[in-house]
file query27.cif (mmCIF, C-alpha atoms and all ligand atoms)
data_work
#
loop_
_atom_site.label_atom_id
_atom_site.label_comp_id
_atom_site.auth_asym_id
_atom_site.auth_seq_id
_atom_site.Cartn_x
_atom_site.Cartn_y
_atom_site.Cartn_z
CA MET A 1 -71.59 197.63 44.67
CA GLU A 2 -74.63 196.01 46.16
CA LEU A 3 -77.81 194.81 44.42
CA ILE A 4 -81.11 196.14 45.74
CA SER A 5 -83.40 194.21 43.39
CA LEU A 6 -83.17 190.90 41.54
CA LYS A 7 -86.14 189.62 39.52
CA LEU A 8 -86.68 186.68 37.17
CA LEU A 9 -88.88 186.65 34.08
CA PRO A 10 -89.47 183.31 32.34
CA LEU A 11 -90.37 183.49 28.68
CA THR A 12 -90.67 181.30 25.60
CA LEU A 13 -89.68 182.31 22.07
CA THR A 14 -90.79 180.32 19.02
CA LEU A 15 -88.16 179.58 16.39
CA LYS A 16 -88.89 180.53 12.78
CA GLN A 17 -87.95 176.98 11.87
CA PRO A 18 -86.79 174.04 14.03
CA PHE A 19 -83.06 173.96 14.81
CA THR A 20 -81.84 170.35 14.81
CA SER A 21 -78.64 168.95 16.27
CA ASN A 22 -77.64 165.49 17.49
CA HIS A 23 -78.91 166.45 20.96
CA ASP A 24 -82.33 167.83 20.23
CA GLN A 25 -84.73 169.54 17.93
CA LEU A 26 -85.37 173.05 19.19
CA ARG A 27 -88.79 174.48 18.28
CA GLN A 28 -89.45 176.64 21.32
CA ARG A 29 -86.71 178.45 23.20
CA GLN A 30 -87.42 178.76 26.92
CA LEU A 31 -85.30 181.46 28.53
CA THR A 32 -85.24 183.29 31.85
CA LEU A 33 -84.41 186.98 31.98
CA VAL A 34 -82.77 188.31 35.14
CA GLN A 35 -83.19 191.96 36.07
CA LEU A 36 -80.54 193.38 38.40
CA ILE A 37 -80.78 196.83 39.99
CA ASP A 38 -77.77 198.15 41.89
CA ASP A 39 -77.56 200.61 44.78
CA ALA A 40 -77.10 203.50 42.30
CA HIS A 41 -80.44 202.42 40.73
CA ASN A 42 -78.79 201.30 37.50
CA GLN A 43 -80.42 198.35 35.77
CA ALA A 44 -78.91 195.51 33.75
CA ILE A 45 -80.64 192.43 32.34
CA GLY A 46 -79.10 188.98 32.08
CA GLU A 47 -80.33 185.89 30.29
CA PHE A 48 -80.27 182.33 31.68
CA GLU A 49 -79.46 180.27 28.62
CA ALA A 50 -79.83 176.61 29.62
CA PHE A 51 -82.05 174.50 27.38
CA ASP A 52 -85.26 172.74 28.49
CA THR A 53 -83.62 169.33 28.73
CA PRO A 54 -80.19 168.24 30.06
CA THR A 55 -78.89 167.15 26.63
CA TYR A 56 -76.32 169.79 25.62
CA THR A 57 -75.17 170.27 29.24
CA ALA A 58 -76.62 169.25 32.62
CA GLU A 59 -78.37 172.52 33.44
CA THR A 60 -82.02 173.00 32.45
CA GLN A 61 -84.45 175.91 32.48
CA PRO A 62 -86.75 174.39 35.16
CA THR A 63 -83.97 173.43 37.58
CA GLY A 64 -81.95 176.59 36.98
CA ARG A 65 -84.95 178.83 37.56
CA LEU A 66 -85.54 177.10 40.88
CA LEU A 67 -81.89 177.48 41.86
CA LEU A 68 -81.83 181.16 40.91
CA ALA A 69 -85.14 181.84 42.69
CA GLN A 70 -84.45 179.88 45.88
CA GLN A 71 -80.68 180.03 46.40
CA LEU A 72 -78.42 182.01 44.06
CA GLY A 73 -80.70 185.06 43.86
CA PRO A 74 -81.61 185.48 47.56
CA PHE A 75 -77.97 184.75 48.54
CA LEU A 76 -77.03 188.13 47.03
CA LYS A 77 -79.08 190.09 49.58
CA ASN A 78 -76.78 192.60 51.37
CA LYS A 79 -73.68 191.24 49.59
CA LYS A 80 -71.08 193.82 48.58
CA PHE A 81 -68.54 193.38 45.78
CA ALA A 82 -65.98 195.84 44.42
CA ASP A 83 -65.64 194.44 40.88
CA PRO A 84 -66.71 191.45 38.75
CA ALA A 85 -63.86 189.32 40.14
CA ALA A 86 -65.15 189.91 43.68
CA PHE A 87 -68.65 189.00 42.51
CA ASN A 88 -67.24 185.69 41.20
CA ARG A 89 -65.54 185.01 44.55
CA LEU A 90 -68.92 185.16 46.30
CA PHE A 91 -69.84 182.00 44.39
CA ALA A 92 -66.45 180.26 44.62
CA ASN A 93 -67.88 177.30 46.55
CA ILE A 94 -70.65 176.53 44.02
CA VAL A 95 -70.07 173.39 41.96
CA GLY A 96 -71.29 173.61 38.36
CA GLN A 97 -74.36 175.73 37.44
CA PRO A 98 -72.30 177.95 35.08
CA MET A 99 -75.24 179.19 33.03
CA ALA A 100 -77.22 180.18 36.13
CA LEU A 101 -74.17 182.05 37.45
CA ALA A 102 -73.49 183.67 34.06
CA ALA A 103 -77.07 184.99 34.01
CA LEU A 104 -76.04 187.05 37.06
CA GLU A 105 -72.38 187.68 36.26
CA MET A 106 -72.62 189.11 32.76
CA PRO A 107 -75.11 191.87 33.70
CA VAL A 108 -72.93 192.64 36.75
CA TRP A 109 -70.12 193.46 34.26
CA GLN A 110 -72.58 195.81 32.54
CA LEU A 111 -73.39 197.52 35.85
CA PHE A 112 -69.70 198.12 36.57
CA ALA A 113 -69.11 199.31 32.99
CA ASN A 114 -71.90 201.86 33.47
CA ARG A 115 -70.35 203.15 36.69
CA LEU A 116 -67.04 203.63 34.87
CA GLN A 117 -68.86 205.19 31.88
CA LEU A 118 -67.38 202.54 29.60
CA SER A 119 -69.20 200.40 27.08
CA LEU A 120 -69.30 196.71 28.00
CA ALA A 121 -66.91 195.90 25.13
CA ASP A 122 -64.44 198.60 26.24
CA TYR A 123 -64.61 197.40 29.85
CA LEU A 124 -63.95 193.78 28.78
CA ALA A 125 -61.09 194.95 26.55
CA GLN A 126 -59.55 196.98 29.38
CA HIS A 127 -59.63 193.86 31.58
CA ALA A 128 -58.13 191.68 28.81
CA LYS A 129 -55.60 194.40 27.75
CA THR A 130 -56.72 194.26 24.14
CA GLN A 131 -58.62 196.22 21.49
CA VAL A 132 -62.32 196.32 20.52
CA ARG A 133 -63.43 195.89 16.91
CA SER A 134 -66.31 198.07 15.72
CA VAL A 135 -66.96 195.87 12.69
CA LEU A 136 -67.26 192.19 13.62
CA PRO A 137 -67.21 189.44 10.95
CA VAL A 138 -69.54 186.59 11.99
CA GLY A 139 -70.31 183.00 11.03
CA ILE A 140 -73.57 181.07 10.96
CA SER A 141 -74.53 177.65 12.34
CA LEU A 142 -76.97 175.59 10.26
CA GLY A 143 -78.83 172.61 11.76
CA VAL A 144 -79.18 169.07 10.47
CA MET A 145 -81.50 169.25 7.44
CA PRO A 146 -82.07 167.58 4.07
CA TRP A 147 -79.65 168.51 1.28
CA PRO A 148 -82.02 170.78 -0.71
CA ASP A 149 -82.69 172.90 2.40
CA LEU A 150 -79.02 172.93 3.38
CA LYS A 151 -78.00 174.00 -0.12
CA GLN A 152 -80.56 176.80 -0.14
CA GLN A 153 -79.70 178.05 3.36
CA ALA A 154 -75.95 177.84 2.77
CA LEU A 155 -76.23 179.84 -0.46
CA GLN A 156 -78.44 182.38 1.31
CA ALA A 157 -75.85 182.72 4.09
CA VAL A 158 -73.09 183.23 1.53
CA ALA A 159 -75.22 185.88 -0.22
CA GLN A 160 -75.62 187.64 3.14
CA GLY A 161 -71.84 187.64 3.39
CA TYR A 162 -71.45 185.35 6.42
CA GLN A 163 -67.73 184.70 6.78
CA ARG A 164 -67.89 181.06 7.87
CA LEU A 165 -70.42 178.21 7.64
CA LYS A 166 -70.88 175.60 10.34
CA VAL A 167 -73.13 172.64 9.58
CA LYS A 168 -74.49 170.22 12.17
CA VAL A 169 -73.94 166.54 11.48
CA ALA A 170 -75.50 163.68 13.44
CA ARG A 171 -74.55 160.51 11.53
CA PRO A 172 -71.92 159.49 8.96
CA ALA A 173 -74.56 159.67 6.22
CA ASP A 174 -74.70 163.45 6.79
CA PHE A 175 -71.11 163.72 5.49
CA THR A 176 -72.23 163.27 1.87
CA LYS A 177 -73.97 166.66 2.23
CA ILE A 178 -70.70 168.18 3.44
CA VAL A 179 -68.87 166.79 0.41
CA ALA A 180 -71.53 168.32 -1.87
CA LEU A 181 -71.38 171.63 0.00
CA ARG A 182 -67.60 171.77 -0.36
CA GLN A 183 -67.95 171.20 -4.12
CA LEU A 184 -70.50 174.01 -4.28
CA LEU A 185 -68.37 176.39 -2.15
CA PRO A 186 -64.71 175.45 -2.63
CA GLN A 187 -63.30 178.59 -0.99
CA MET A 188 -65.76 179.11 1.87
CA PRO A 189 -64.47 178.66 5.44
CA LEU A 190 -66.51 175.58 6.38
CA MET A 191 -66.75 173.35 9.46
CA VAL A 192 -68.99 170.68 10.96
CA ASP A 193 -70.34 170.22 14.49
CA GLY A 194 -71.03 166.64 15.60
CA ASN A 195 -72.54 167.54 19.00
CA SER A 196 -71.20 164.23 20.40
CA ALA A 197 -72.85 162.08 17.69
CA PHE A 198 -69.81 159.95 16.85
CA GLY A 199 -67.37 157.56 18.43
CA PRO A 200 -64.15 155.68 17.68
CA LYS A 201 -66.11 153.29 15.44
CA ASP A 202 -66.66 156.23 13.04
CA LEU A 203 -62.93 156.84 12.47
CA ALA A 204 -62.99 155.92 8.76
CA ALA A 205 -65.95 158.20 8.05
CA LEU A 206 -64.30 161.07 9.96
CA LYS A 207 -60.98 160.56 8.14
CA ALA A 208 -62.86 160.92 4.86
CA LEU A 209 -63.51 164.57 5.87
CA ASP A 210 -59.78 165.42 5.90
CA PRO A 211 -59.55 166.19 2.13
CA LEU A 212 -62.42 168.72 2.44
CA ASN A 213 -60.15 171.30 4.07
CA LEU A 214 -62.60 172.01 6.88
CA ALA A 215 -61.62 174.72 9.37
CA MET A 216 -62.33 172.23 12.17
CA ILE A 217 -64.56 169.39 13.36
CA GLU A 218 -66.41 170.51 16.47
CA GLN A 219 -67.21 167.99 19.23
CA PRO A 220 -67.29 164.74 17.22
CA PHE A 221 -67.22 162.49 20.32
CA ALA A 222 -69.11 162.41 23.62
CA THR A 223 -68.85 165.19 26.20
CA THR A 224 -66.42 163.56 28.63
CA ASP A 225 -64.20 161.85 26.03
CA PHE A 226 -61.02 163.95 26.35
CA VAL A 227 -58.87 160.84 25.84
CA ASP A 228 -60.78 159.57 22.81
CA HIS A 229 -60.66 163.02 21.22
CA ALA A 230 -56.86 162.95 21.62
CA TRP A 231 -56.83 159.52 19.97
CA LEU A 232 -58.89 160.92 17.10
CA GLN A 233 -56.76 164.07 16.69
CA GLN A 234 -53.65 161.89 16.25
CA ARG A 235 -55.40 160.28 13.27
CA LEU A 236 -56.89 163.38 11.62
CA THR A 237 -55.29 166.41 9.99
CA THR A 238 -58.45 168.50 10.46
CA PRO A 239 -58.29 170.39 13.78
CA ILE A 240 -60.67 169.21 16.51
CA CYS A 241 -62.65 171.82 18.46
CA LEU A 242 -64.23 171.07 21.84
CA ASP A 243 -67.54 172.62 22.93
CA GLU A 244 -69.71 170.56 25.32
CA PRO A 245 -66.99 169.62 27.88
CA ILE A 246 -65.56 173.13 28.38
CA PHE A 247 -66.94 174.46 31.69
CA THR A 248 -63.75 175.64 33.39
CA LEU A 249 -60.18 176.73 32.71
CA SER A 250 -59.19 173.32 34.06
CA ASP A 251 -61.16 171.62 31.25
CA VAL A 252 -59.19 173.66 28.70
CA GLN A 253 -55.94 172.71 30.46
CA THR A 254 -56.96 169.04 30.27
CA ALA A 255 -57.65 169.37 26.54
CA ALA A 256 -54.31 171.14 25.99
CA HIS A 257 -52.26 168.64 27.98
CA LEU A 258 -53.88 165.59 26.37
CA LYS A 259 -53.90 167.29 22.91
CA SER A 260 -57.63 166.50 22.63
CA ALA A 261 -58.17 169.65 20.56
CA SER A 262 -56.40 172.68 19.16
CA VAL A 263 -59.55 174.83 19.11
CA ILE A 264 -61.98 175.84 21.86
CA ASN A 265 -65.56 176.97 21.27
CA LEU A 266 -65.91 179.46 24.13
CA LYS A 267 -69.44 180.26 25.25
CA PRO A 268 -69.45 182.77 28.10
CA ALA A 269 -72.67 181.28 29.50
CA ARG A 270 -71.32 177.73 29.51
CA VAL A 271 -68.20 178.76 31.51
CA GLY A 272 -70.03 180.89 34.10
CA GLY A 273 -69.59 184.36 32.60
CA PHE A 274 -67.00 186.86 31.40
CA THR A 275 -64.44 186.57 34.22
CA LYS A 276 -63.99 182.86 33.54
CA ALA A 277 -64.19 183.36 29.77
CA LEU A 278 -61.35 185.93 29.82
CA ALA A 279 -59.18 183.62 31.94
CA ILE A 280 -59.74 180.89 29.35
CA LEU A 281 -58.88 183.30 26.52
CA GLN A 282 -55.61 184.22 28.24
CA TYR A 283 -54.67 180.56 28.69
CA CYS A 284 -55.57 179.75 25.06
CA GLN A 285 -53.31 182.59 23.89
CA GLN A 286 -50.42 181.27 26.00
CA GLN A 287 -50.93 177.74 24.67
CA HIS A 288 -51.56 178.77 21.04
CA LEU A 289 -55.04 177.28 21.05
CA THR A 290 -57.58 178.96 18.78
CA CYS A 291 -60.47 180.31 20.80
CA TRP A 292 -63.71 181.61 19.26
CA ILE A 293 -67.14 182.61 20.58
CA GLY A 294 -70.01 180.15 20.17
CA GLY A 295 -73.77 180.60 20.38
CA MET A 296 -76.63 179.21 22.44
CA VAL A 297 -79.58 180.13 20.21
CA GLU A 298 -79.88 183.10 22.53
CA SER A 299 -82.42 185.87 22.17
CA ASP A 300 -81.11 189.21 20.90
CA LEU A 301 -80.53 190.11 24.57
CA GLY A 302 -78.29 187.08 25.09
CA ARG A 303 -76.54 187.84 21.79
CA TYR A 304 -75.69 191.33 23.10
CA TYR A 305 -73.36 189.74 25.65
CA SER A 306 -71.71 187.20 23.35
CA GLN A 307 -71.31 189.75 20.53
CA ASN A 308 -69.60 192.29 22.74
CA LEU A 309 -67.19 189.66 24.04
CA ALA A 310 -66.55 188.51 20.45
CA ARG A 311 -65.59 192.09 19.54
CA LEU A 312 -62.29 191.67 21.43
CA ALA A 313 -59.44 191.54 18.92
CA PRO A 314 -58.11 188.06 19.83
CA PHE A 315 -61.35 186.37 18.73
CA VAL A 316 -60.27 186.35 15.10
CA PHE A 317 -62.18 183.28 13.96
CA PRO A 318 -65.80 184.33 13.14
CA GLY A 319 -68.15 183.26 15.92
CA ASP A 320 -71.74 182.02 16.15
CA VAL A 321 -72.71 185.54 17.17
CA GLY A 322 -74.78 186.77 14.22
CA PRO A 323 -78.15 188.47 14.67
CA ALA A 324 -80.78 186.52 16.65
CA THR A 325 -83.15 187.19 13.73
CA GLN A 326 -81.58 184.05 12.25
CA PHE A 327 -83.74 182.15 14.78
CA PHE A 328 -86.54 184.43 16.00
CA LYS A 329 -89.04 186.89 14.56
CA GLU A 330 -89.52 188.41 18.01
CA SER A 331 -86.85 190.60 19.58
CA LEU A 332 -86.58 191.67 23.22
CA CYS A 333 -84.49 194.80 22.79
CA LEU A 334 -84.89 198.06 20.86
CA GLN A 335 -81.43 198.37 19.28
CA HIS A 336 -79.33 195.88 17.32
CA PRO A 337 -76.14 196.07 15.30
CA GLN A 338 -76.93 195.55 11.61
CA LEU A 339 -75.41 192.72 9.59
CA ILE A 340 -73.63 194.28 6.63
CA GLN A 341 -71.81 191.90 4.29
CA GLY A 342 -71.43 189.28 6.97
CA ALA A 343 -70.18 191.66 9.66
CA LEU A 344 -71.97 193.35 12.55
CA ASP A 345 -71.57 197.11 12.34
CA PHE A 346 -71.26 198.75 15.76
CA THR A 347 -70.18 202.14 14.36
CA ALA A 348 -73.80 203.10 13.61
CA MET A 349 -75.16 202.27 17.07
CA PRO A 350 -76.65 205.19 19.04
CA ARG A 351 -74.77 206.47 22.08
CA SER A 352 -77.31 204.84 24.40
CA TYR A 353 -76.11 201.38 23.28
CA ARG A 354 -72.98 202.00 25.37
CA GLN A 355 -75.15 201.70 28.51
CA GLY A 356 -76.43 198.28 27.56
CA PRO A 357 -79.39 196.82 25.73
CA ILE A 358 -82.74 198.61 26.14
CA LEU A 359 -85.60 196.17 26.71
CA LYS A 360 -88.85 196.74 24.85
CA PRO A 361 -91.46 198.37 27.13
CA GLU A 362 -93.62 195.21 27.35
CA PHE A 363 -90.76 193.18 28.83
CA GLN A 364 -89.74 196.05 31.11
CA ALA A 365 -93.37 196.22 32.33
CA ALA A 366 -93.55 192.45 32.84
CA PHE A 367 -90.76 192.68 35.45
CA LYS A 368 -93.00 194.97 37.54
CA GLN A 369 -95.26 191.95 38.27
CA GLN A 370 -92.34 189.81 39.52
CA PRO A 371 -91.22 189.53 43.17
CA ASN A 372 -87.91 191.09 44.22
CA LEU A 373 -85.84 188.15 45.48
CA LEU A 374 -83.74 190.52 47.63
CA SER A 375 -86.57 192.11 49.60
O1 LIG A 401 -73.12 173.05 19.56
O2 LIG A 401 -72.59 175.10 19.26
C1 LIG A 401 -73.43 174.22 19.50
C2 LIG A 401 -76.83 175.81 19.42
C3 LIG A 401 -77.44 175.17 20.47
C4 LIG A 401 -76.74 174.24 21.19
C5 LIG A 401 -75.44 173.92 20.85
C6 LIG A 401 -74.83 174.56 19.78
C7 LIG A 401 -75.54 175.50 19.05
C8 LIG A 401 -74.96 176.16 17.91
C9 LIG A 401 -74.92 177.65 17.90
O3 LIG A 401 -74.48 175.57 16.98
C10 LIG A 401 -76.00 178.29 17.12
C11 LIG A 401 -76.05 179.77 17.38
O4 LIG A 401 -76.45 180.17 18.49
O5 LIG A 401 -75.71 180.53 16.48
MG MG A 402 -71.12 172.88 19.28
#
call {"tool": "encode", "arguments": {"input": "query27.cif", "output": "structure tokens"}}
result
Amino acid sequence: MELISLKLLPLTLTLKQPFTSNHDQLRQRQLTLVQLIDDAHNQAIGEFEAFDTPTYTAETQPTGRLLLAQQLGPFLKNKKFADPAAFNRLFANIVGQPMALAALEMPVWQLFANRLQLSLADYLAQHAKTQVRSVLPVGISLGVMPWPDLKQQALQAVAQGYQRLKVKVARPADFTKIVALRQLLPQMPLMVDGNSAFGPKDLAALKALDPLNLAMIEQPFATTDFVDHAWLQQRLTTPICLDEPIFTLSDVQTAAHLKSASVINLKPARVGGFTKALAILQYCQQQHLTCWIGGMVESDLGRYYSQNLARLAPFVFPGDVGPATQFFKESLCLQHPQLIQGALDFTAMPRSYRQGPILKPEFQAAFKQQPNLLS
């Protein structure tokens, strides 16, 4: 395969309500769509999912756009690759930039799936030697918010059938809301995400979460603190999940060897795409680490990729892969799996969904105005 056209389309989506974590308050979601056209004139669209600021990870929309436009995009001119693994090898000497690379790599998987007349999920499953689920139970991630709002949104999520609640926490005072939520929902699979807000000084407050029977505590300590997370895990019964520091298989190996965590939040964009994500899944299975698919407040286009990865049978724990309508009124694509009792239903999708997401005509037209970085 060879790409004959590569175009970028920056856009900004407005959230229905701000999404607050320890890192940031997200009100506007800047994204960059990437249109790839291969030498058989098939099209696939990727999404560059870095945030505006280098708070969650180091990549940002402005710097990533520049890198895609000036280096990573034009580099692909006249490059041939026989499969997604070969595509990855083209970029083997690049340090970092996983989300920029994933914006190219995930639609390349779609292009190969189309050539083989497989759906993306079936192609991923073939690679991972596993099965695809057509009904996918999902969880929801709720931001930091006052108790009355949290109570209302949690009850609404339960009414919609979501199979797991994750609540962002940014200071020990937020834990009183988690205690109240656990009283309200004694049986609900529940977890918190600290987004690096805490440190060893917060041990007593974190230990007070143990009796709540949380599924896990995600990323309590700072991004690079593999050793401190291991220290914390020795003192907690609740499993620790790592998110922010997981860029490579080597990061997962570090976490496994140090016992920093027993759970990995796997975001295909944060690890550079599907090839890397599947290698991490395989390692997690060998090491008996739980591995589940996280979210990036993606558009519905970005969700297409994470949802179809999450459909693989080993991702048992419900992911942050519910409909993007949680965040945005606007959608970019024409078809979406419906949420029925907390699960995405892929059985009702039209046949055309197997060939990838179909962009709305206005976004398709907007690409016409953009320069082809390969010409
Ligand atoms: O820590 O998992 C996170 C959203 C933005 C940045 C970081 C995180 C999140 C989420 C996922 O919690 C929300 C979603 O996309 O469903
Ligand atoms: Mg997280």
call {"tool": "closest_residue", "arguments": {"input": "query27.cif", "among": "A:Val135, A:Leu181, A:Leu6, A:Ala102", "to": "Ala154 (chain A)", "atoms": "only C-alpha atoms"}}
result
A:Leu181
call {"tool": "closest_residue", "arguments": {"input": "query27.cif", "among": "A:Ala121, A:Ala69, A:Leu136, A:Trp292", "to": "ligand MG 402 (chain A)", "atoms": "all atoms listed in the file"}}
result
A:Trp292
call {"tool": "residues_around", "arguments": {"input": "query27.cif", "residues": "Gln117 (chain A)", "least_positions_apart": "5", "cutoff": "9 Å", "atoms": "all atoms listed in the file", "output": "PyMOL selection string"}}
result
chain A and resi 112+354-355
call {"tool": "closest_residue", "arguments": {"input": "query27.cif", "among": "A:Arg27, A:Arg270, A:Arg235, A:Lys276", "to": "ligand MG 402 (chain A)", "atoms": "all atoms listed in the file"}}
result
A:Arg270
call {"tool": "residues_around", "arguments": {"input": "query27.cif", "residues": "Gln338 (chain A)", "least_positions_apart": "2", "cutoff": "10 Å", "atoms": "all atoms listed in the file", "output": "PyMOL selection string"}}
result
chain A and resi 322-323+335-336+340-349
call {"tool": "atom_distance", "arguments": {"input": "query27.cif", "atom1": "CA of Pro337 (chain A)", "atom2": "CA of Val297 (chain A)"}}
result
17.0 Å
call {"tool": "residues_near_ligand", "arguments": {"input": "query27.cif", "ligand": "ligand MG 402 (chain A)", "cutoff": "6 Å", "atoms": "only C-alpha atoms and all ligand atoms", "output": "list in words"}}
result
Asp193, Asn195, Glu218 and Asp243 of chain A
call {"tool": "residues_near_ligand", "arguments": {"input": "query27.cif", "ligand": "ligand LIG 401 (chain A)", "cutoff": "10 Å", "atoms": "only C-alpha atoms and all ligand atoms", "output": "PyMOL selection string"}}
result
chain A and resi 19-26+49-51+55-57+138-143+166-168+192-196+218-219+242-244+265-267+293-299+302-303+306+319-324+326-327
call {"tool": "closest_residue", "arguments": {"input": "query27.cif", "among": "A:His229, A:Val179, A:Ala365, A:Val271", "to": "Asn213 (chain A)", "atoms": "all atoms listed in the file"}}
result
A:Val179
call {"tool": "residues_around", "arguments": {"input": "query27.cif", "residues": "region 72-80 of chain A", "least_positions_apart": "6", "cutoff": "7 Å", "atoms": "only C-alpha atoms", "output": "ChimeraX atom specification"}}
result
/A:1-2,6,373-374
call {"tool": "decode", "arguments": {"input": "query27.cif", "residues": "region 61-68 of chain A", "atoms": "all heavy atoms", "output": "PDB file, in the first residue's frame"}}
result
ATOM      1  N   GLN A  61      -2.264  19.954  20.616  1.00  0.00           N
ATOM      2  CA  GLN A  61      -2.815  20.168  19.270  1.00  0.00           C
ATOM      3  C   GLN A  61      -1.903  21.064  18.433  1.00  0.00           C
ATOM      4  O   GLN A  61      -1.547  20.690  17.310  1.00  0.00           O
ATOM      5  CB  GLN A  61      -4.230  20.764  19.344  1.00  0.00           C
ATOM      6  CG  GLN A  61      -5.304  19.739  19.646  1.00  0.00           C
ATOM      7  CD  GLN A  61      -5.502  18.718  18.527  1.00  0.00           C
ATOM      8  OE1 GLN A  61      -5.434  19.046  17.343  1.00  0.00           O
ATOM      9  NE2 GLN A  61      -5.749  17.484  18.894  1.00  0.00           N
ATOM     10  N   PRO A  62      -1.496  22.253  18.929  1.00  0.00           N
ATOM     11  CA  PRO A  62      -0.696  23.121  18.041  1.00  0.00           C
ATOM     12  C   PRO A  62       0.625  22.490  17.601  1.00  0.00           C
ATOM     13  O   PRO A  62       0.986  22.561  16.416  1.00  0.00           O
ATOM     14  CB  PRO A  62      -0.448  24.376  18.880  1.00  0.00           C
ATOM     15  CG  PRO A  62      -1.255  24.266  20.104  1.00  0.00           C
ATOM     16  CD  PRO A  62      -1.864  22.918  20.184  1.00  0.00           C
ATOM     17  N   THR A  63       1.342  21.840  18.534  1.00  0.00           N
ATOM     18  CA  THR A  63       2.646  21.286  18.152  1.00  0.00           C
ATOM     19  C   THR A  63       2.472  20.032  17.291  1.00  0.00           C
ATOM     20  O   THR A  63       3.232  19.813  16.344  1.00  0.00           O
ATOM     21  CB  THR A  63       3.478  20.952  19.399  1.00  0.00           C
ATOM     22  OG1 THR A  63       2.703  20.105  20.264  1.00  0.00           O
ATOM     23  CG2 THR A  63       3.875  22.199  20.165  1.00  0.00           C
ATOM     24  N   GLY A  64       1.462  19.240  17.594  1.00  0.00           N
ATOM     25  CA  GLY A  64       1.231  18.019  16.830  1.00  0.00           C
ATOM     26  C   GLY A  64       0.791  18.308  15.401  1.00  0.00           C
ATOM     27  O   GLY A  64       1.184  17.607  14.466  1.00  0.00           O
ATOM     28  N   ARG A  65      -0.041  19.325  15.250  1.00  0.00           N
ATOM     29  CA  ARG A  65      -0.461  19.726  13.901  1.00  0.00           C
ATOM     30  C   ARG A  65       0.750  20.108  13.053  1.00  0.00           C
ATOM     31  O   ARG A  65       0.851  19.746  11.873  1.00  0.00           O
ATOM     32  CB  ARG A  65      -1.385  20.949  13.981  1.00  0.00           C
ATOM     33  CG  ARG A  65      -2.810  20.603  14.242  1.00  0.00           C
ATOM     34  CD  ARG A  65      -3.656  21.849  14.441  1.00  0.00           C
ATOM     35  NE  ARG A  65      -4.945  21.455  15.001  1.00  0.00           N
ATOM     36  CZ  ARG A  65      -5.817  22.291  15.540  1.00  0.00           C
ATOM     37  NH1 ARG A  65      -5.554  23.597  15.608  1.00  0.00           N
ATOM     38  NH2 ARG A  65      -6.951  21.845  16.017  1.00  0.00           N
ATOM     39  N   LEU A  66       1.643  20.878  13.681  1.00  0.00           N
ATOM     40  CA  LEU A  66       2.853  21.316  12.967  1.00  0.00           C
ATOM     41  C   LEU A  66       3.690  20.105  12.569  1.00  0.00           C
ATOM     42  O   LEU A  66       4.191  20.015  11.435  1.00  0.00           O
ATOM     43  CB  LEU A  66       3.645  22.218  13.919  1.00  0.00           C
ATOM     44  CG  LEU A  66       4.404  23.397  13.358  1.00  0.00           C
ATOM     45  CD1 LEU A  66       3.462  24.354  12.643  1.00  0.00           C
ATOM     46  CD2 LEU A  66       5.118  24.133  14.497  1.00  0.00           C
ATOM     47  N   LEU A  67       3.851  19.174  13.497  1.00  0.00           N
ATOM     48  CA  LEU A  67       4.657  17.984  13.236  1.00  0.00           C
ATOM     49  C   LEU A  67       4.043  17.141  12.124  1.00  0.00           C
ATOM     50  O   LEU A  67       4.742  16.675  11.211  1.00  0.00           O
ATOM     51  CB  LEU A  67       4.752  17.167  14.528  1.00  0.00           C
ATOM     52  CG  LEU A  67       5.794  16.066  14.567  1.00  0.00           C
ATOM     53  CD1 LEU A  67       7.194  16.653  14.581  1.00  0.00           C
ATOM     54  CD2 LEU A  67       5.587  15.196  15.802  1.00  0.00           C
ATOM     55  N   LEU A  68       2.722  16.960  12.189  1.00  0.00           N
ATOM     56  CA  LEU A  68       2.036  16.194  11.136  1.00  0.00           C
ATOM     57  C   LEU A  68       2.172  16.903   9.788  1.00  0.00           C
ATOM     58  O   LEU A  68       2.438  16.275   8.760  1.00  0.00           O
ATOM     59  CB  LEU A  68       0.555  16.013  11.492  1.00  0.00           C
ATOM     60  CG  LEU A  68       0.259  14.944  12.558  1.00  0.00           C
ATOM     61  CD1 LEU A  68      -1.131  15.141  13.168  1.00  0.00           C
ATOM     62  CD2 LEU A  68       0.388  13.543  11.965  1.00  0.00           C
TER      63      LEU A  68
END
